[in-house]
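**Q** Pasting in a structure now, in structure tokens, and then I'll have a few things to ask.
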Amino acid sequence: MRVVDLADGVRRADPRILARALSVIERGGEPARDLLAALRTDGGAPHVIGITGPPGAGKSSLVEALGLLLNRSKGPVAVLAVDPSSPFSGGAILGDRVRMVRLAAAPGCFVRSMATRGALGGLAAAAADAVDVFAAAGFPVVLVETVGVGQDEVDVMHVADTVILTLPPGLGDDVQAAKAGIMEIAHLFAVSKADLPGADQAVAHLRAMVELAPPGPWRPPIVQVSVVAGEGLEELAEAVAEHARFLETEERRRGGRLDRAEHRIRRAVQDLAWRRLSAEHAGRLEAAIKAVGQGRKDPYTAAEELLRQLES
């Protein structure tokens with residue numbers, strides 16, 4: 001399908017063409033860049049909500065429940081659920097066919113799984129590009145669920161306006177160990193599975209950590225949520241809305257977008273430079289890798305010499 005036809009289908013939010021466009025984005029390369037260029041818009045950015053946390057925290061259940069709630073109040077909701085990669089196909093192990101069935105069936109909503117394909121930080125490398133596709137399709141709200149690999153999955157802060165850290169009861173002192181990672185990027189804390197024992201203790205741990213944090217213009221609220229019991233979801237949605245209102249000042253909105261734009265450009269420059277080196281200077285690149293691997297040259301000197309090849 002031609003790029004212009006893909007872009008037109010995306011703007012109409014046609015589900016089949018949306019799925020095809022996201023596959024193009026996930027594969028990357030020149031077709032993906034052409035599609036993103038055709039979809040570029042100057043406004044209409046959705047509110048992107050990132051949901052992260054350790055495995056077993058109930059992120060997928062929370063995403064579906066929150067998505068259904070936001071669908072009733074905000075309109076169509078898109079979900080990008082990042083899963084571990086299959087060692088055989090490279091695709092998402094869980095896949096959107098077996099998760100969030102109710103949300104996927106809701107009018108105007110769209111759920112897509114995307115494999116990490118080895119990317120670190122809890123997100124697929126194409127996650128930000130996928131959000132651009134959802135923005136062009138006119139979704140007012142996009143939920144991004146990270147893969148859930150541990151405390152270092154902080155890439156979501158470069159995609160989402162609002163980051164929700166989901167933590168189940170029973171972590172105890174392990175919460176303290178997460179301070180240097182995902183704890184510091186959260187705008188909201190959701191204590192999931194709050195119908196289980198230990199939820200109050202988890203809230204107390206989080207509250208103590210929030211109190212110890214340096215004062216700032218935004219202090220993350222802590223919400224207890226039980227998807228099974230249907231409790232706390234309204235409170236969580238209101239906390240998300242409150243953070244969205246906090247971001248409404250032009251300075252905060254512009255600052256956040258500029259930070260995310262800088263991160264995306266840096267990654268794009270790295271990717272394009274590596275592709276050019278691999279295609280146009282494969283011999284020199286291989287020689288540089290061997291020189292660094294054998295200890296005959298430091299990586300920074302090798303990198304500078306390779307960059308000079310790009311300039312020539």
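Labeling convention for the structure tokens: chains A, B, ... as they appear, residues from 1 per chain, ligands from 1 in order of appearance.
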List the spatial neighbours of Glu234 (chain A) as a short mmCIF file (atom, residue, chain, number, x, y, z; two decimals) with N, CA and C atoms, in the first residue's frame - criterion: any atom at most 10 Å away, only C-alpha atoms, same-chain residues fewer than 6 positions off excluded.

**A**
data_model
loop_
_atom_site.label_atom_id
_atom_site.label_comp_id
_atom_site.auth_asym_id
_atom_site.auth_seq_id
_atom_site.Cartn_x
_atom_site.Cartn_y
_atom_site.Cartn_z
N LEU A 66 -8.68 1.05 33.41
CA LEU A 66 -8.55 2.50 33.28
C LEU A 66 -8.94 2.94 31.88
N LEU A 69 -12.68 3.10 31.55
CA LEU A 69 -13.20 4.25 32.28
C LEU A 69 -12.95 5.54 31.50
N LEU A 70 -11.74 5.71 30.97
CA LEU A 70 -11.42 6.90 30.19
C LEU A 70 -12.18 6.94 28.87
N VAL A 223 -2.61 6.08 45.14
CA VAL A 223 -3.99 5.61 45.03
C VAL A 223 -4.00 4.09 45.16
N VAL A 225 -5.81 0.66 44.34
CA VAL A 225 -6.69 0.22 43.26
C VAL A 225 -6.86 -1.30 43.33
N VAL A 240 -5.05 11.21 37.43
CA VAL A 240 -4.49 11.40 36.09
C VAL A 240 -4.97 12.73 35.51
#

**Q** Would you kindly return, as a count of residues only, each protein, DNA or RNA residue with an atom no farther than 10 Å from any atom of Leu307 (chain A), considering only C-alpha atoms and excluding same-chain residues fewer than 6 positions away?

**A** 4

**Q** So what do you get for CA of Pro46 (chain A) versus CA of Ile222 (chain A), distance-wise?

**A**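 The value is 23.9 Å.
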
**Q** Excluding same-chain residues fewer than 2 positions from Leu165 (chain A), what lies within 8 Å of it counting only C-alpha atoms, as a PyMOL selection string?

**A** chain A and resi 51-53+163+167+182-183+186-190

**Q** Applying 8 Å and only C-alpha atoms, which residues near region 29-43 of chain A remain after dropping the ones on its own chain fewer than 6 positions away? List them as a list in words.

**A**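 The residues satisfying every condition are Val3, Val4, Leu6, Ala7, Ala21, Asp129, Asp132, Val133 and Ala136 of chain A.
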
**Q** Just to be explicit: take each residue in the selection above, keep C-alpha atoms, and write the result as a PDB file, in the first residue's frame.

**A**
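The result, written out as again-v4.pdb:
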ATOM      1  CA  VAL A   3       2.356   5.779   1.900  1.00  0.00           C
ATOM      2  CA  VAL A   4      -0.312   8.335   0.996  1.00  0.00           C
ATOM      3  CA  LEU A   6      -1.659   4.461   4.627  1.00  0.00           C
ATOM      4  CA  ALA A   7      -1.581   8.018   5.957  1.00  0.00           C
ATOM      5  CA  ALA A  21       0.752   1.287   9.633  1.00  0.00           C
ATOM      6  CA  ASP A 129       6.736   6.526  16.575  1.00  0.00           C
ATOM      7  CA  ASP A 132       2.735   9.554  16.585  1.00  0.00           C
ATOM      8  CA  VAL A 133       0.520   7.228  14.547  1.00  0.00           C
ATOM      9  CA  ALA A 136      -2.507  11.327  13.684  1.00  0.00           C
TER      10      ALA A 136
END

**Q** Please determine, counting only C-alpha atoms, which residue among A:Met209, A:Ile49, A:Leu62, A:Ala244 has the shortest atom-to-atom distance to His158 (chain A).

**A**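 Going through A:Met209, A:Ile49, A:Leu62, A:Ala244 one by one, the smallest distance to His158 (chain A) is for A:Ile49.
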
**Q** Taking only C-alpha atoms into account, which of A:Ala19, A:Val10, A:Ala303, A:Ala126 comes nearest Arg284 (chain A)?

**A**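 The closest residue to Arg284 (chain A) is A:Ala303.
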
**Q** Do you have the CA of Gly198 (chain A)-CA of Pro220 (chain A) distance handy?

**A**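 Result for CA of Gly198 (chain A) versus CA of Pro220 (chain A): 20.6 Å, one decimal.
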
**Q** Please build the interface table for region 24-48 of chain A against region 74-85 of chain A with a cut-off of 12 Å, listing for each qualifying residue the nearest atom pair and the distance in Å to one decimal; count only C-alpha atoms, order rows by chain and increasing number, and write it as CSV.

**A**
residue,atom,partner,partner_atom,distance
A:Glu26,CA,A:Val82,CA,11.7
A:Pro46,CA,A:Val77,CA,9.7
A:His47,CA,A:Val77,CA,10.1
A:Val48,CA,A:Ala78,CA,9.5

**Q** As a PDB file with N, CA and C atoms, in the first residue's frame, please: the residues near Ala135 (chain A) (cut-off 8 Å, only C-alpha atoms, same-chain neighbours under 5 positions excluded).

**A**
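Listing of part-v3.pdb after writing:
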ATOM      1  N   GLY A  44      -2.897  18.732  18.178  1.00  0.00           N
ATOM      2  CA  GLY A  44      -3.719  17.577  18.459  1.00  0.00           C
ATOM      3  C   GLY A  44      -3.008  16.460  19.179  1.00  0.00           C
ATOM      4  N   ALA A  45      -1.989  16.787  19.980  1.00  0.00           N
ATOM      5  CA  ALA A  45      -1.251  15.737  20.692  1.00  0.00           C
ATOM      6  C   ALA A  45      -2.147  15.105  21.750  1.00  0.00           C
ATOM      7  N   PRO A  46      -2.177  13.771  21.825  1.00  0.00           N
ATOM      8  CA  PRO A  46      -2.986  13.109  22.850  1.00  0.00           C
ATOM      9  C   PRO A  46      -2.324  13.203  24.221  1.00  0.00           C
ATOM     10  N   PRO A 140      -7.621  10.869  21.646  1.00  0.00           N
ATOM     11  CA  PRO A 140      -7.331  11.866  22.685  1.00  0.00           C
ATOM     12  C   PRO A 140      -6.495  11.316  23.834  1.00  0.00           C
TER      13      PRO A 140
END

**Q** Just want the 10 Å neighbourhood of Met100 (chain A), counted on only C-alpha atoms, with same-chain residues fewer than 3 positions away dropped. Output as a compact mmCIF listing (two decimals) with C-alpha atoms, in the first residue's frame.

**A**
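Now in out-v4.txt:
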# COMPACT_ATOMS: atom_id res chain seq x y z
CA SER A 60 -2.50 -5.15 31.96
CA SER A 61 -5.63 -5.50 34.07
CA LEU A 62 -5.20 -1.94 35.29
CA VAL A 63 -4.64 -0.63 31.77
CA GLU A 64 -7.84 -2.25 30.53
CA ALA A 65 -9.93 -1.05 33.48
CA GLY A 67 -8.93 2.49 29.49
CA LEU A 68 -12.61 1.51 29.72
CA VAL A 79 -3.24 1.17 23.94
CA ALA A 81 1.26 -2.79 25.21
CA ASP A 96 -3.15 -8.25 21.75
CA ARG A 97 -5.43 -11.16 20.82
CA LEU A 103 -11.20 -2.65 25.74
CA ALA A 104 -10.33 -3.84 22.24
CA ALA A 105 -14.04 -4.40 21.58
CA PHE A 110 -7.59 0.12 19.62
CA VAL A 111 -5.12 -2.23 21.34
CA ARG A 112 -1.74 -3.12 19.89

**Q** Please determine, counting only C-alpha atoms, which residue among A:Ala199, A:Ile25, A:Val141, A:Ile265 has the shortest atom-to-atom distance to Gly108 (chain A).

**A** A:Val141

**Q** Using DSSP assignments from the backbone, pull out every residue in region 190-281 of chain A that falls under helix (DSSP H, G or I) and give it to me as a PyMOL selection string.

**A** chain A and resi 199-212+233-246+250-280

**Q** Which neighbours of Glu305 (chain A) fall inside 10 Å, counting only C-alpha atoms, when residues of the same chain fewer than 4 positions from it are skipped, and could you give them as a VMD selection string?

**A** chain A and resid 284 to 285 288 299 to 301 309 to 310
